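**Student:** What follows is a structure written as structure tokens; I'll ask about it next.
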Amino acid sequence: MFAIVAGGGKVGATVARTLLRRGHEVTLVEQRADRYERLEQEFEHQIQLGDATEMFVLERAGIARPAEIVIAVTGDDEDNLVIGQLSREKYEVERVIARVNDPRNQQLFDLLEIPQTVSATQMVLGLIEHEVPAHELIHLLELKKENLEIVEVEIEPGAPAAGKRVDELALEDARLISVLRDGKAEIAVGSTKLQAGDQVLAILEPGREDDLRRLLLKR
Amino acid sequence: MRAIVVGCGRVGSTVAKTLAEEGWDVTAVDESESALARLGERWRGGFVIGHGMDVATLRQAGIENADALVVATDGDNTNIVVAQIAQKMFDVDTVVVRLLDPARADFYAGRGLDVVCPTKTAYETLTERVRAARVRS
């Protein structure tokens, strides 16, 4: 595989190094001269100095061969967005992975149709949600194409849903999938009776969590 | 008519002042508060401190009701992203964007952005002047 890695910071250099070690061909592109000089000793002819948002730099790196994958991992989201867009739309690179530095910019990556993104902040937050039970919605899975997400939530004592049947809940924006009680899971149907402490899986459109919060949590 | 000018440097501030003098309701957006000084003491338009890529900042500047948006920060990539936010997310009628790199200017013009590229204007004009000199001699 031939990969172009844009951005020679910790992430970019490590990704490039790992790909090379696995036998892939890599061109790493770094814009800062001081960083380039340091990395050049290690990467030799596999690193180029330049701004990867400039087309001649991408072309010199071999993007038109074409590259099988472009990995945009600079520290600036606007640069990663433009590298991603140019790679996909001008050079028709099939696989593009972009780093989201500021999670608030995720919606911009979605807007500009850069589907594969990685965000360290988001990953850390996701892990915290799993590790620290906070009686809140835990985001388990995001189905990007379908615009749906699956969340887990524990029914709080005193919440409106505690003691009710599923079909008695006025859930408009979400559907319950399953209920986990005392280590045993069952599919949620209309007659399933909910109790405080139940771990419920639900599917819904991202951002439409108000119903779930209102009924399953004590707010 | 309402206009937003993102990037209040030499270019942006002049565009903002000119439009305001011509009767537009103008709001300028810049990351730095000191950019307000460029608009002069007589500035009566809006001024929002924030990054143009921050959707909340654009909303605060009134993008939902804007008729036109001028993007002229000093970063081409920021400008490219802001212009597309205005077009795709807020459906602003007129979006004009300044890009210094002629290659990106051509590519994004081909994708429907209204791009102004001063670099291109400069080299075209310079070349034209030299050609004209040869004709005269």
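Convention: chains lettered A, B, ... in structure tokens order; per-chain residue numbering from 1; ligands numbered from 1 as shown.
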As a PyMOL selection string, which residues of chain B does DSSP assign to alpha helix (DSSP H)?
**Tutor:** chain B and resi 10-21+55-60+76-84+102-110+118-136
**Student:** Kindly determine which residues of chain B lie within 12 Å of chain A, considering only C-alpha atoms, and give the answer as a ChimeraX atom specification.
**Tutor:** /B:51-56,75-90,100-108,110-111
**Student:** Include C-alpha atoms and write out the residues we just selected as an mmCIF file, in the first residue's frame.
**Tutor:**
data_model
loop_
_atom_site.group_PDB
_atom_site.id
_atom_site.type_symbol
_atom_site.label_atom_id
_atom_site.label_comp_id
_atom_site.auth_asym_id
_atom_site.auth_seq_id
_atom_site.Cartn_x
_atom_site.Cartn_y
_atom_site.Cartn_z
ATOM 1 C CA HIS B 51 -13.064 32.220 15.013
ATOM 2 C CA GLY B 52 -14.891 32.073 11.701
ATOM 3 C CA MET B 53 -14.954 28.264 11.793
ATOM 4 C CA ASP B 54 -16.878 28.367 15.059
ATOM 5 C CA VAL B 55 -20.514 27.946 14.071
ATOM 6 C CA ALA B 56 -21.696 29.612 17.298
ATOM 7 C CA GLY B 75 -5.635 31.695 6.252
ATOM 8 C CA ASP B 76 -6.710 30.193 2.935
ATOM 9 C CA ASN B 77 -7.870 26.943 4.514
ATOM 10 C CA THR B 78 -9.895 28.720 7.161
ATOM 11 C CA ASN B 79 -11.497 30.784 4.396
ATOM 12 C CA ILE B 80 -12.313 27.671 2.369
ATOM 13 C CA VAL B 81 -14.016 26.047 5.346
ATOM 14 C CA VAL B 82 -15.913 29.176 6.452
ATOM 15 C CA ALA B 83 -17.215 29.802 2.933
ATOM 16 C CA GLN B 84 -18.519 26.248 2.724
ATOM 17 C CA ILE B 85 -20.190 26.488 6.136
ATOM 18 C CA ALA B 86 -22.009 29.605 4.908
ATOM 19 C CA GLN B 87 -23.026 27.909 1.676
ATOM 20 C CA LYS B 88 -23.903 24.412 2.811
ATOM 21 C CA MET B 89 -25.075 24.885 6.375
ATOM 22 C CA PHE B 90 -26.727 28.307 6.193
ATOM 23 C CA LEU B 100 -4.174 33.700 -1.960
ATOM 24 C CA ASP B 101 -3.157 30.349 -3.484
ATOM 25 C CA PRO B 102 -4.136 30.303 -7.198
ATOM 26 C CA ALA B 103 -4.273 26.485 -7.299
ATOM 27 C CA ARG B 104 -6.796 26.179 -4.488
ATOM 28 C CA ALA B 105 -8.611 29.238 -5.912
ATOM 29 C CA ASP B 106 -9.123 27.429 -9.231
ATOM 30 C CA PHE B 107 -10.189 24.185 -7.620
ATOM 31 C CA TYR B 108 -12.742 25.732 -5.282
ATOM 32 C CA GLY B 110 -14.726 24.981 -10.000
ATOM 33 C CA ARG B 111 -16.728 23.609 -7.088
#
**Student:** For the strand (DSSP E) assignment from backbone DSSP, which residues of chain B qualify? Please present them as a ChimeraX atom specification.
**Tutor:** /B:2-6,25-30,46-49,68-71,94-98,114-116
**Student:** Please identify all polymer residues within 9 Å of A:Ala161, counting only C-alpha atoms, omitting same-chain residues fewer than 4 positions from it, and present them as a list of chain:residue names.
**Tutor:**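 The contact residues come out as A:Ile155, A:Glu156, A:Arg165, A:Val166, A:Glu168, A:Leu169, A:Leu194, A:Gln195, A:Ala196, A:Arg214, A:Leu215, A:Leu216, A:Leu217.
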**Student:** Convert the current residue selection to file output with C-alpha atoms, as a PDB file, in the first residue's frame.
**Tutor:**
ATOM      1  CA  ILE A 155     -32.921   3.679  34.961  1.00  0.00           C
ATOM      2  CA  GLU A 156     -32.649   5.844  38.052  1.00  0.00           C
ATOM      3  CA  ARG A 165     -44.314  -1.093  30.930  1.00  0.00           C
ATOM      4  CA  VAL A 166     -42.423  -0.109  27.776  1.00  0.00           C
ATOM      5  CA  GLU A 168     -46.782   2.936  28.626  1.00  0.00           C
ATOM      6  CA  LEU A 169     -43.857   5.259  27.939  1.00  0.00           C
ATOM      7  CA  LEU A 194     -38.969  -1.575  33.653  1.00  0.00           C
ATOM      8  CA  GLN A 195     -37.377  -1.235  37.077  1.00  0.00           C
ATOM      9  CA  ALA A 196     -34.907   1.122  38.647  1.00  0.00           C
ATOM     10  CA  ARG A 214     -36.800  12.756  30.828  1.00  0.00           C
ATOM     11  CA  LEU A 215     -38.238   9.260  31.267  1.00  0.00           C
ATOM     12  CA  LEU A 216     -35.309   7.119  32.379  1.00  0.00           C
ATOM     13  CA  LEU A 217     -33.356   9.543  34.501  1.00  0.00           C
TER      14      LEU A 217
END
**Student:** What is the distance, in Å and to one decimal place, between atom CA of A:Phe43 and atom CA of A:Val5?
**Tutor:**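 Spanning atom CA of A:Phe43 to atom CA of A:Val5 is a straight-line distance of 12.3 Å.
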**Student:** Calculate how many Å separate atom CA of A:Arg208 from atom CA of A:Gly183, rounding to one decimal.
**Tutor:**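 One can read the atom CA of A:Arg208 to atom CA of A:Gly183 distance as 28.2 Å.
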